[in-house]
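Here's the structure, in structure tokens; my notes come after.
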Amino acid sequence: MPTASVREVLGGELAVGTEVLVQGWVRTRRDSKAGFSFIHINDGSCFANLQLVADKDLPNYEAGILRLTSGASVSCRGTVVESKGRGQTVEIQALDIDIPGLVEDPDHYPIQPKQHSYEFLRSVAHLRPRTNTFGAVTRIRHAAARAIHEFFDTNGYFWVNTPIITASDAEGAGQLFRVSTLDLMNLPRTDQGQVDFGKDFFSRETFLTVSGQLNVEAFCLAMSKVYTFGPTFRAENSNTARHLAEFWMVEPEVAFADLDDLATLAEDFLKFVFQRVLERCPDDMAFFAEAVEPTAISRLESLVDSRFERMDYGEAIKILQASGKKFEFRPDWGVDLQTEHERFLTEQHCKAPVVVMNYPDEIKAFYMRLNDDGKTVAAMDVLAPGIGEIIGGSQREERLGLLTQRMKHHGLDEHDYSWFLDLRRYGTVPHAGFGLGFERLLNYITGLSNIRDVIPYPRTPGSAPF
RNA sequence: UCCAGCGUGGCUCAAUGGUAGAGCGGGUGACUGUUAAUCACUAGGUUGUAGGUUCGAAUCCUACCGCUGGAGCCA
């Protein structure tokens, strides 16, 4: 007897009369005194549940089926039949139902067929995949990841797996997780009393990566179009709805490209991913539109057809100053945009994602390319309503002299970056790239407002419970 | 890290100094090709932890723990 997923049965892939094996977990059970029970099961394959009809003459009806509660697992051999009730076209008339696992202590089983708070669901991260919401998140996360690879593949990019363990801090900004096998209770010391990292596993200090950019630039200057997609770690003590200590980042890097090319890439990229998710997860998106964010679908659809607003940082400052809005921090040329400024631009002024370009060099990282005006760098941020910065990128400084000058200005030692500088010594070219926070993208797609609700096991300061 | 708020049955919440309640979920029963079914009955809580004030504390005070929202930093 063939096995079928709930999605296959409900999708009409099996003719009425076919005998199949379906397996999943109980969502609800209703009994009829006429002598049968309705059991809705879900196996994660799609949003909808499949209805099993179990007659009372099944051998384990009293002892097993009537004890099924939410969360129990079932393995059902049955016949695909047209449903006599409303609400579904087909259902399974059970021939027998095996129960691998009942729910022990059902009055304490945390997941009920009702609305739970997101906060509570985070406390049961091992059981929340069984909810409508997290099932939908999981499928959309998969669809988005697949769309990302598909976009780059069809556009001639190569996926490069940059190292998770690194010895350099890409942003020059500290806050890394240390990787060490030294015995913390008995650290080796140098003659000067410092910790002797020469005795550590890699014979030097090492950390978890905060960005694959520097490493992927080397491949960019050989393969032309490359990208990374992998986990990223930041030990920043930031406790907000848009920060994780462990998150996934997508970083394309393109040779012979400038900032405008990069902004176009970001726009094409986002549109492609939105379109694919809308195509491939209509039921899940319908759920988010109904239960979370009413405009979840319509705003993605309108974005796919629109052209992203682009503005210079200087222009953005002028718009903010002319807005007449009372901001807590006054917008002024030379200081970075505050969250309240970004929100105004994207939620009120543009009511759509907006690309802000060409920031003052003082507030941006050392590797960004100095513009001809001598005071701005070719950096860009894509800001999204409700999320803030979803993409941050720049054209890279490809001129050796200017790059070393900027490094010195940022207090970085050239010797720590000699391999990176080699890329400017040997056949340098203009190139550009950006970093996209994958979870922030998912927040935008689903309308969920907390980043902890779009990653399977969120890691945040003071919290890594599962 | 800073500011604010919140911790009451399995879950969502009520009770603002005077005997801790409801809905959902669980159990039992009734009823129905049912749709997070419906109806009745029932079990379930030393109110986050430790102190303090008071005749009396879920309620007021202190500390700690946890969570949430906002800020900074960023993706």
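Residues are named by chain letter and number: chains run A, B, ... in the order of the structure tokens, numbers start at 1 in each chain, and ligands are numbered from 1 in the order shown.
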
Each chain A residue no farther than 6 Å from chain B, nearest pair in Å, only C-alpha atoms (C1' of nucleotides), as CSV:
```
residue,atom,partner,partner_atom,distance
A:Gly85,CA,B:G33,C1',5.2
A:Asp107,CA,B:G26,C1',4.0
A:His108,CA,B:G10,C1',4.0
A:Pro110,CA,B:G10,C1',5.9
A:Pro113,CA,B:A36,C1',5.4
A:Lys114,CA,B:A36,C1',5.9
A:Leu436,CA,B:A75,C1',5.7
A:Gly437,CA,B:A75,C1',4.1
```

Residues from the last selection, C-alpha atoms, saved as a PDB file, in the first residue's frame:
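Final output, saved to result_33.pdb:
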```pdb
ATOM      1  CA  GLY A  85     -19.754  16.507   4.819  1.00  0.00           C
ATOM      2  CA  ASP A 107      -4.602  17.758  30.326  1.00  0.00           C
ATOM      3  CA  HIS A 108      -1.054  19.122  30.467  1.00  0.00           C
ATOM      4  CA  PRO A 110       0.691  22.533  25.935  1.00  0.00           C
ATOM      5  CA  PRO A 113      -6.418  23.784  19.021  1.00  0.00           C
ATOM      6  CA  LYS A 114      -6.674  27.474  19.789  1.00  0.00           C
ATOM      7  CA  LEU A 436      20.539  40.264   3.801  1.00  0.00           C
ATOM      8  CA  GLY A 437      19.189  39.122   7.155  1.00  0.00           C
TER       9      GLY A 437
END
```

- Message: Taking the DSSP secondary structure from the backbone, can you list the residues of range 26-258 of chain A that are strand (DSSP E), as a count of residues only?
- Response: 70

- Task: Please provide the set of residues having any atom within 8 Å of range 236-246 of chain A, restricted to only C-alpha atoms (C1' of nucleotides), with same-chain residues fewer than 5 positions apart removed, written as JSON, numbers by chain.
- Result: {"A": [175, 176, 231, 387, 440, 449, 450, 451, 452, 458, 459, 460, 461], "B": [1, 73, 74]}

- Between CA of Ile165 in chain A and CA of Gly230 in chain A lies a distance of 12.2 Å

- Residues within 12 Å of A22 in chain B, only C-alpha atoms (C1' of nucleotides), excluding chain neighbours under 4 positions, as a PyMOL selection string: chain B and resi 9+12-15

- Message: Give me the residues near Asp453 in chain A as a VMD selection string, where near means some atom within 8 Å (using only C-alpha atoms (C1' of nucleotides)) and where sequence neighbours in that chain fewer than 5 positions away do not count.
- Response: chain A and resid 118 122 134 448 458

- Message: To one decimal place in Å, what is the distance between CA of Glu362 in chain A and CA of Tyr313 in chain A?
- Response: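 Computing it gives 13.1 Å between the two atoms.
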
- Query: Using only C-alpha atoms, which residue out of A:Arg86, A:Ala144, A:Ile41, A:Gln338 lies closest to Leu278 in chain A?
  - Reply: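 Among the listed residues, A:Ala144 lies closest to Leu278 in chain A.
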
- Item | Selection: 10 Å around Lys325 in chain A, only C-alpha atoms (C1' of nucleotides), excl. self and same-chain fewer than 5 positions, as a PyMOL selection string | chain A and resi 320+330+341+344

- Query: At what distance in Å, to one decimal, does CA of Val22 in chain A lie from CA of Asp284 in chain A?
  - Reply: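 Answer for the CA of Asp284 in chain A to CA of Val22 in chain A separation: 21.4 Å.
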
- Task: Using DSSP on the backbone coordinates, identify all residues within range 281-422 of chain A classified as alpha helix (DSSP H); present the result as a VMD selection string.
- Result: chain A and resid 282 to 291 296 to 305 313 to 322 339 to 343 400 to 409 418 to 422

- Message: Using only C-alpha atoms (C1' of nucleotides), which protein or nucleic acid residues come within 7 Å of Ala384 in chain A? Drop anything in the same chain fewer than 2 positions from it, and give the result as a PyMOL selection string.
- Response: chain A and resi 346+352-354+382+386-390
